Amino acid sequence: MAEEYVQSLARGLAVIRAFDAANPELTLSEVARATGLTRAAARRFLLTLVELGYVHTDGRLFSLSPRVLELGYAYLSSLSLPEVALPHLERLVAEVHESASVSVLDMPDIVYVARVPTSRIMRVTISIGTRFPAHSTSMGRVLLAWSPPAELEAYFSRATLERHTSRTVTSRAALEAELGRVRSQGWAMVDQELEEGLRSIAAPVRDRAGRVVAAVNVSSHASRTTVESARRDLLPPLLAAAARIEADLHATGAGPRTALPATGP
């Protein structure tokens, strides 16, 4: 792979990824610092992206343009899973009155590909394409639990098990034990490990070959849902929704066009 690696492409993508919700506008120096590039290199990449229409600038500040959405649209438009899942998410939300989502794995993160929200329960706004660390999310635990051993080992070799709250699992041994429980019981619950007050429960979605290709979850605020009530009231409708999504995937042959790579951007 080293001979085929195009460093300039990797650096250009790193420049694009330097912008996020917390940093929608950046100066040249800030881009250089975020990417580890020299100011001269960062300037060349930024001006190239400006010329191609992916970045706007007022001469001092740089920001992404809507054209960047084209980069992800090719994947999303070929991914029929969201279209199949959406009506089932809507039915699930109408039943439990909590937000529901579907995500896929792009190690070391999960990526949201479908979502039906109710009230906002997180500080961060979740939309299609939002990424969260797999280790501290219920959908991430589901997707990691059924990852092939080689991919799971690759995950642990590169993932940073960052602490988000006092409850976050941050050791490999503890996470591996939790993944074993997820496989045994067939679902995952994360209790305020990504954000205080956020409790979520997730189930796997399998393709025709029985491979877990996605996860579906229901999330709620801890003030409304206890661990016990989540198991009692949210888990059965969630498992039923996962089964319906699977049935439609199997009937239509839909799903991700191809598996996401084990190593993300």
# chains A, B, ... in the order shown; residues from 1 in each chain; ligands from 1
$ select_by_dssp --residues "segment 42-119 of chain A" --states "strand (DSSP E)" --output "list of chain:residue names"
A:Val55, A:His56, A:Thr57, A:Leu61, A:Phe62, A:Ser63, A:Leu64, A:Ser99, A:Ala100, A:Ser101, A:Val102, A:Ser103, A:Val104, A:Leu105, A:Asp106, A:Asp109, A:Ile110, A:Val111, A:Tyr112, A:Val113, A:Ala114, A:Arg115, A:Val116
$ residues_around --residues "segment 97-112 of chain A" --least-positions-apart "6" --cutoff "8 Å" --atoms "only C-alpha atoms" --output "PyMOL selection string"
chain A and resi 82+85+89+118-119+127-134+139-140+143+155+158-159+213-220+260-264
$ closest_residue --among "A:Arg232, A:Arg224, A:Arg17, A:Arg244" --to "Leu64 of chain A" --atoms "only C-alpha atoms"
A:Arg17
$ residues_around --residues "Pro66 of chain A" --least-positions-apart "6" --cutoff "10 Å" --atoms "only C-alpha atoms" --output "PDB file with C-alpha atoms, in the first residue's frame"
ATOM      1  CA  GLY A  53     -15.391  25.285  -5.223  1.00  0.00           C
ATOM      2  CA  TYR A  54     -15.124  23.216  -2.032  1.00  0.00           C
ATOM      3  CA  VAL A  55     -13.932  26.104   0.155  1.00  0.00           C
ATOM      4  CA  HIS A  56     -14.937  29.757   0.486  1.00  0.00           C
TER       5      HIS A  56
END
$ select_by_dssp --residues "segment 118-214 of chain A" --states "helix (DSSP H, G or I)" --output "VMD selection string"
chain A and resid 134 to 136 138 to 145 149 to 158 172 to 185
$ atom_distance --atom1 "atom CA of Glu70 of chain A" --atom2 "atom CA of Glu246 of chain A"
28.6 Å
$ residues_around --residues "His221 of chain A" --least-positions-apart "5" --cutoff "6 Å" --atoms "only C-alpha atoms" --output "list in words"
Gly197, Leu198 and Arg199 of chain A
$ closest_residue --among "A:Gln7, A:Thr38, A:Thr226, A:Ser29" --to "Leu61 of chain A" --atoms "only C-alpha atoms"
A:Ser29
$ residues_around --residues "segment 238-241 of chain A" --least-positions-apart "2" --cutoff "10 Å" --atoms "only C-alpha atoms" --output "short mmCIF file (atom, residue, chain, number, x, y, z; two decimals) with N, CA and C atoms, in the first residue's frame"
data_model
loop_
_atom_site.label_atom_id
_atom_site.label_comp_id
_atom_site.auth_asym_id
_atom_site.auth_seq_id
_atom_site.Cartn_x
_atom_site.Cartn_y
_atom_site.Cartn_z
N ALA A 85 -34.77 1.72 6.00
CA ALA A 85 -34.92 1.84 7.45
C ALA A 85 -35.88 2.95 7.87
N PRO A 87 -38.94 4.29 7.18
CA PRO A 87 -40.32 4.10 7.64
C PRO A 87 -40.42 3.28 8.92
N HIS A 88 -39.46 2.38 9.12
CA HIS A 88 -39.47 1.58 10.35
C HIS A 88 -39.03 2.43 11.54
N LEU A 89 -38.10 3.36 11.32
CA LEU A 89 -37.73 4.29 12.38
C LEU A 89 -38.91 5.18 12.75
N GLU A 90 -39.63 5.64 11.75
CA GLU A 90 -40.79 6.50 12.01
C GLU A 90 -41.84 5.74 12.83
N ARG A 91 -42.07 4.49 12.48
CA ARG A 91 -43.03 3.67 13.24
C ARG A 91 -42.55 3.45 14.67
N LEU A 92 -41.25 3.19 14.82
CA LEU A 92 -40.67 2.98 16.14
C LEU A 92 -40.79 4.23 17.01
N VAL A 93 -40.47 5.38 16.44
CA VAL A 93 -40.56 6.64 17.18
C VAL A 93 -42.00 6.92 17.59
N GLU A 95 -44.16 4.80 18.28
CA GLU A 95 -44.54 3.85 19.32
C GLU A 95 -43.93 4.19 20.68
N VAL A 96 -42.64 4.56 20.68
CA VAL A 96 -41.94 4.75 21.97
C VAL A 96 -41.79 6.22 22.34
N ALA A 100 -34.90 7.74 17.29
CA ALA A 100 -34.34 6.48 16.81
C ALA A 100 -33.42 6.75 15.63
N GLY A 186 -27.60 -10.17 22.56
CA GLY A 186 -28.15 -9.77 21.28
C GLY A 186 -28.48 -8.29 21.15
N TRP A 187 -28.09 -7.46 22.10
CA TRP A 187 -28.35 -6.03 22.05
C TRP A 187 -27.39 -5.33 23.01
N ILE A 201 -30.15 2.37 23.72
CA ILE A 201 -30.18 0.92 23.58
C ILE A 201 -30.21 0.60 22.08
N ALA A 202 -29.45 -0.41 21.65
CA ALA A 202 -29.27 -0.67 20.22
C ALA A 202 -29.35 -2.16 19.92
N ALA A 203 -29.70 -2.45 18.68
CA ALA A 203 -29.80 -3.83 18.20
C ALA A 203 -29.14 -3.94 16.83
N PRO A 204 -28.67 -5.13 16.47
CA PRO A 204 -28.02 -5.30 15.16
C PRO A 204 -29.02 -5.44 14.02
N VAL A 205 -28.55 -5.07 12.83
CA VAL A 205 -29.30 -5.29 11.59
C VAL A 205 -28.40 -6.14 10.70
N VAL A 216 -29.41 -0.25 14.88
CA VAL A 216 -30.54 0.66 15.08
C VAL A 216 -30.67 0.90 16.59
N ASN A 217 -30.96 2.14 16.97
CA ASN A 217 -31.06 2.41 18.40
C ASN A 217 -32.23 3.31 18.72
N VAL A 218 -32.53 3.35 20.00
CA VAL A 218 -33.46 4.31 20.59
C VAL A 218 -32.69 5.01 21.70
N ARG A 231 -35.22 -1.49 29.28
CA ARG A 231 -35.30 -2.92 28.94
C ARG A 231 -36.76 -3.35 28.74
N ASP A 233 -39.62 -1.33 28.22
CA ASP A 233 -40.50 -0.59 27.31
C ASP A 233 -39.87 -0.27 25.95
N LEU A 234 -38.55 -0.13 25.90
CA LEU A 234 -37.91 0.26 24.65
C LEU A 234 -37.32 -0.92 23.88
N LEU A 235 -36.79 -1.90 24.61
CA LEU A 235 -36.12 -3.01 23.93
C LEU A 235 -37.04 -3.84 23.04
N PRO A 236 -38.20 -4.27 23.50
CA PRO A 236 -39.05 -5.09 22.60
C PRO A 236 -39.43 -4.37 21.30
N ALA A 243 -35.95 -6.29 13.32
CA ALA A 243 -36.38 -7.46 12.56
C ALA A 243 -37.11 -7.04 11.28
N ARG A 244 -37.92 -5.98 11.36
CA ARG A 244 -38.62 -5.51 10.17
C ARG A 244 -37.65 -4.92 9.15
N ILE A 245 -36.66 -4.17 9.63
CA ILE A 245 -35.65 -3.63 8.71
C ILE A 245 -34.91 -4.77 8.03
N GLU A 246 -34.52 -5.77 8.80
CA GLU A 246 -33.83 -6.93 8.22
C GLU A 246 -34.69 -7.62 7.17
N ALA A 247 -35.97 -7.80 7.48
CA ALA A 247 -36.86 -8.48 6.55
C ALA A 247 -36.93 -7.73 5.22
#
$ residues_around --residues "segment 176-182 of chain A" --least-positions-apart "4" --cutoff "7 Å" --atoms "only C-alpha atoms" --output "PDB file with N, CA and C atoms, in the first residue's frame"
ATOM      1  N   ARG A 141     -21.181  -0.321  20.103  1.00  0.00           N
ATOM      2  CA  ARG A 141     -20.954  -1.592  20.797  1.00  0.00           C
ATOM      3  C   ARG A 141     -21.527  -2.763  19.991  1.00  0.00           C
ATOM      4  N   VAL A 142     -22.712  -2.558  19.426  1.00  0.00           N
ATOM      5  CA  VAL A 142     -23.319  -3.609  18.595  1.00  0.00           C
ATOM      6  C   VAL A 142     -22.433  -3.908  17.388  1.00  0.00           C
ATOM      7  N   ALA A 145     -19.208  -5.577  18.408  1.00  0.00           N
ATOM      8  CA  ALA A 145     -19.416  -6.927  18.942  1.00  0.00           C
ATOM      9  C   ALA A 145     -19.430  -7.984  17.845  1.00  0.00           C
ATOM     10  N   ARG A 172      -9.424  -1.625  27.414  1.00  0.00           N
ATOM     11  CA  ARG A 172      -9.708  -2.659  26.420  1.00  0.00           C
ATOM     12  C   ARG A 172     -10.362  -3.873  27.067  1.00  0.00           C
ATOM     13  N   GLY A 186     -27.598 -10.166  22.564  1.00  0.00           N
ATOM     14  CA  GLY A 186     -28.152  -9.766  21.277  1.00  0.00           C
ATOM     15  C   GLY A 186     -28.475  -8.294  21.146  1.00  0.00           C
ATOM     16  N   TRP A 187     -28.086  -7.458  22.099  1.00  0.00           N
ATOM     17  CA  TRP A 187     -28.346  -6.028  22.053  1.00  0.00           C
ATOM     18  C   TRP A 187     -27.390  -5.332  23.013  1.00  0.00           C
ATOM     19  N   ALA A 188     -27.336  -4.003  22.940  1.00  0.00           N
ATOM     20  CA  ALA A 188     -26.422  -3.235  23.791  1.00  0.00           C
ATOM     21  C   ALA A 188     -27.148  -2.067  24.420  1.00  0.00           C
TER      22      ALA A 188
END
$ atom_distance --atom1 "atom CA of Met189 of chain A" --atom2 "atom CA of Leu144 of chain A"
13.4 Å
$ closest_residue --among "A:Thr225, A:Ala41, A:Thr27, A:Arg206" --to "Asp58 of chain A" --atoms "only C-alpha atoms"
A:Thr27
$ closest_residue --among "A:Ala18, A:Ser184, A:Thr57, A:Ser80" --to "Arg33 of chain A" --atoms "only C-alpha atoms"
A:Ala18
$ atom_distance --atom1 "atom CA of Phe19 of chain A" --atom2 "atom CA of Ala114 of chain A"
22.7 Å
$ decode --residues "segment 88-204 of chain A" --atoms "C-alpha atoms" --output "mmCIF file, in the first residue's frame"
data_model
loop_
_atom_site.group_PDB
_atom_site.id
_atom_site.type_symbol
_atom_site.label_atom_id
_atom_site.label_comp_id
_atom_site.auth_asym_id
_atom_site.auth_seq_id
_atom_site.Cartn_x
_atom_site.Cartn_y
_atom_site.Cartn_z
ATOM 1 C CA HIS A 88 -39.469 1.582 10.350
ATOM 2 C CA LEU A 89 -37.725 4.292 12.379
ATOM 3 C CA GLU A 90 -40.795 6.495 12.010
ATOM 4 C CA ARG A 91 -43.029 3.670 13.236
ATOM 5 C CA LEU A 92 -40.673 2.977 16.144
ATOM 6 C CA VAL A 93 -40.564 6.635 17.184
ATOM 7 C CA ALA A 94 -44.355 6.869 17.028
ATOM 8 C CA GLU A 95 -44.542 3.846 19.320
ATOM 9 C CA VAL A 96 -41.944 4.753 21.966
ATOM 10 C CA HIS A 97 -41.926 8.574 21.621
ATOM 11 C CA GLU A 98 -38.128 8.683 21.677
ATOM 12 C CA SER A 99 -35.548 9.376 18.956
ATOM 13 C CA ALA A 100 -34.341 6.478 16.810
ATOM 14 C CA SER A 101 -31.369 6.147 14.464
ATOM 15 C CA VAL A 102 -29.456 3.785 12.207
ATOM 16 C CA SER A 103 -25.689 3.868 11.880
ATOM 17 C CA VAL A 104 -22.881 1.979 10.197
ATOM 18 C CA LEU A 105 -19.298 1.450 11.301
ATOM 19 C CA ASP A 106 -16.398 3.461 9.931
ATOM 20 C CA MET A 107 -13.766 2.546 12.484
ATOM 21 C CA PRO A 108 -13.102 3.896 14.985
ATOM 22 C CA ASP A 109 -16.447 5.718 14.725
ATOM 23 C CA ILE A 110 -20.074 5.115 13.946
ATOM 24 C CA VAL A 111 -21.687 7.218 11.217
ATOM 25 C CA TYR A 112 -25.389 8.075 11.275
ATOM 26 C CA VAL A 113 -27.143 7.191 8.003
ATOM 27 C CA ALA A 114 -30.795 7.535 9.067
ATOM 28 C CA ARG A 115 -32.500 9.268 11.990
ATOM 29 C CA VAL A 116 -35.939 10.269 13.211
ATOM 30 C CA PRO A 117 -35.626 12.667 16.166
ATOM 31 C CA THR A 118 -38.157 13.742 18.736
ATOM 32 C CA SER A 119 -36.910 16.203 21.351
ATOM 33 C CA ARG A 120 -33.260 17.159 21.373
ATOM 34 C CA ILE A 121 -31.518 15.369 24.257
ATOM 35 C CA MET A 122 -27.852 15.987 23.443
ATOM 36 C CA ARG A 123 -25.709 19.088 23.423
ATOM 37 C CA VAL A 124 -24.511 18.096 19.955
ATOM 38 C CA THR A 125 -27.003 18.194 17.101
ATOM 39 C CA ILE A 126 -27.173 14.796 15.392
ATOM 40 C CA SER A 127 -27.741 14.660 11.640
ATOM 41 C CA ILE A 128 -26.945 12.326 8.767
ATOM 42 C CA GLY A 129 -23.179 11.933 8.670
ATOM 43 C CA THR A 130 -22.648 12.694 12.367
ATOM 44 C CA ARG A 131 -19.844 10.599 13.837
ATOM 45 C CA PHE A 132 -19.349 9.387 17.403
ATOM 46 C CA PRO A 133 -16.687 7.123 18.921
ATOM 47 C CA ALA A 134 -17.842 3.519 18.681
ATOM 48 C CA HIS A 135 -16.698 2.488 22.158
ATOM 49 C CA SER A 136 -19.026 4.855 24.017
ATOM 50 C CA THR A 137 -22.227 4.377 21.982
ATOM 51 C CA SER A 138 -24.801 1.594 21.991
ATOM 52 C CA MET A 139 -24.744 1.266 18.207
ATOM 53 C CA GLY A 140 -20.961 1.228 18.250
ATOM 54 C CA ARG A 141 -20.954 -1.592 20.797
ATOM 55 C CA VAL A 142 -23.319 -3.609 18.595
ATOM 56 C CA LEU A 143 -21.213 -3.041 15.490
ATOM 57 C CA LEU A 144 -17.952 -3.824 17.283
ATOM 58 C CA ALA A 145 -19.416 -6.927 18.942
ATOM 59 C CA TRP A 146 -20.028 -8.575 15.591
ATOM 60 C CA SER A 147 -16.942 -7.288 13.777
ATOM 61 C CA PRO A 148 -14.602 -9.974 12.420
ATOM 62 C CA PRO A 149 -11.701 -10.657 14.802
ATOM 63 C CA ALA A 150 -9.101 -9.087 12.493
ATOM 64 C CA GLU A 151 -11.125 -5.889 12.166
ATOM 65 C CA LEU A 152 -11.722 -5.752 15.908
ATOM 66 C CA GLU A 153 -7.999 -6.134 16.545
ATOM 67 C CA ALA A 154 -7.323 -3.334 14.055
ATOM 68 C CA TYR A 155 -9.846 -1.214 15.943
ATOM 69 C CA PHE A 156 -8.087 -1.689 19.269
ATOM 70 C CA SER A 157 -4.728 -0.968 17.686
ATOM 71 C CA ARG A 158 -5.804 2.492 16.569
ATOM 72 C CA ALA A 159 -8.750 3.577 18.727
ATOM 73 C CA THR A 160 -8.389 5.979 21.623
ATOM 74 C CA LEU A 161 -10.857 4.927 24.306
ATOM 75 C CA GLU A 162 -11.479 8.482 25.371
ATOM 76 C CA ARG A 163 -13.366 9.245 28.568
ATOM 77 C CA HIS A 164 -16.471 11.369 27.916
ATOM 78 C CA THR A 165 -18.139 11.028 31.322
ATOM 79 C CA SER A 166 -17.285 9.375 34.614
ATOM 80 C CA ARG A 167 -19.111 6.248 33.365
ATOM 81 C CA THR A 168 -17.252 5.782 30.079
ATOM 82 C CA VAL A 169 -15.522 2.432 29.588
ATOM 83 C CA THR A 170 -11.903 3.286 28.785
ATOM 84 C CA SER A 171 -9.999 -0.007 29.098
ATOM 85 C CA ARG A 172 -9.708 -2.659 26.420
ATOM 86 C CA ALA A 173 -10.418 -5.473 28.870
ATOM 87 C CA ALA A 174 -13.615 -3.869 30.115
ATOM 88 C CA LEU A 175 -14.793 -3.072 26.589
ATOM 89 C CA GLU A 176 -14.062 -6.597 25.349
ATOM 90 C CA ALA A 177 -16.054 -7.992 28.283
ATOM 91 C CA GLU A 178 -18.934 -5.690 27.413
ATOM 92 C CA LEU A 179 -18.798 -6.741 23.750
ATOM 93 C CA GLY A 180 -19.046 -10.356 24.889
ATOM 94 C CA ARG A 181 -22.209 -9.523 26.833
ATOM 95 C CA VAL A 182 -23.630 -7.755 23.798
ATOM 96 C CA ARG A 183 -23.066 -10.820 21.620
ATOM 97 C CA SER A 184 -24.600 -13.064 24.266
ATOM 98 C CA GLN A 185 -27.762 -11.037 24.841
ATOM 99 C CA GLY A 186 -28.152 -9.766 21.277
ATOM 100 C CA TRP A 187 -28.346 -6.028 22.053
ATOM 101 C CA ALA A 188 -26.422 -3.235 23.791
ATOM 102 C CA MET A 189 -27.249 -0.544 26.295
ATOM 103 C CA VAL A 190 -25.029 2.437 27.071
ATOM 104 C CA ASP A 191 -25.877 4.384 30.182
ATOM 105 C CA GLN A 192 -24.522 7.951 30.117
ATOM 106 C CA GLU A 193 -21.104 7.030 28.727
ATOM 107 C CA LEU A 194 -21.125 9.424 25.760
ATOM 108 C CA GLU A 195 -22.921 12.279 27.513
ATOM 109 C CA GLU A 196 -24.399 12.770 30.968
ATOM 110 C CA GLY A 197 -28.126 12.128 30.898
ATOM 111 C CA LEU A 198 -28.082 10.182 27.624
ATOM 112 C CA ARG A 199 -29.209 6.565 27.790
ATOM 113 C CA SER A 200 -29.477 4.473 24.619
ATOM 114 C CA ILE A 201 -30.183 0.917 23.576
ATOM 115 C CA ALA A 202 -29.274 -0.670 20.219
ATOM 116 C CA ALA A 203 -29.795 -3.832 18.202
ATOM 117 C CA PRO A 204 -28.017 -5.295 15.161
#
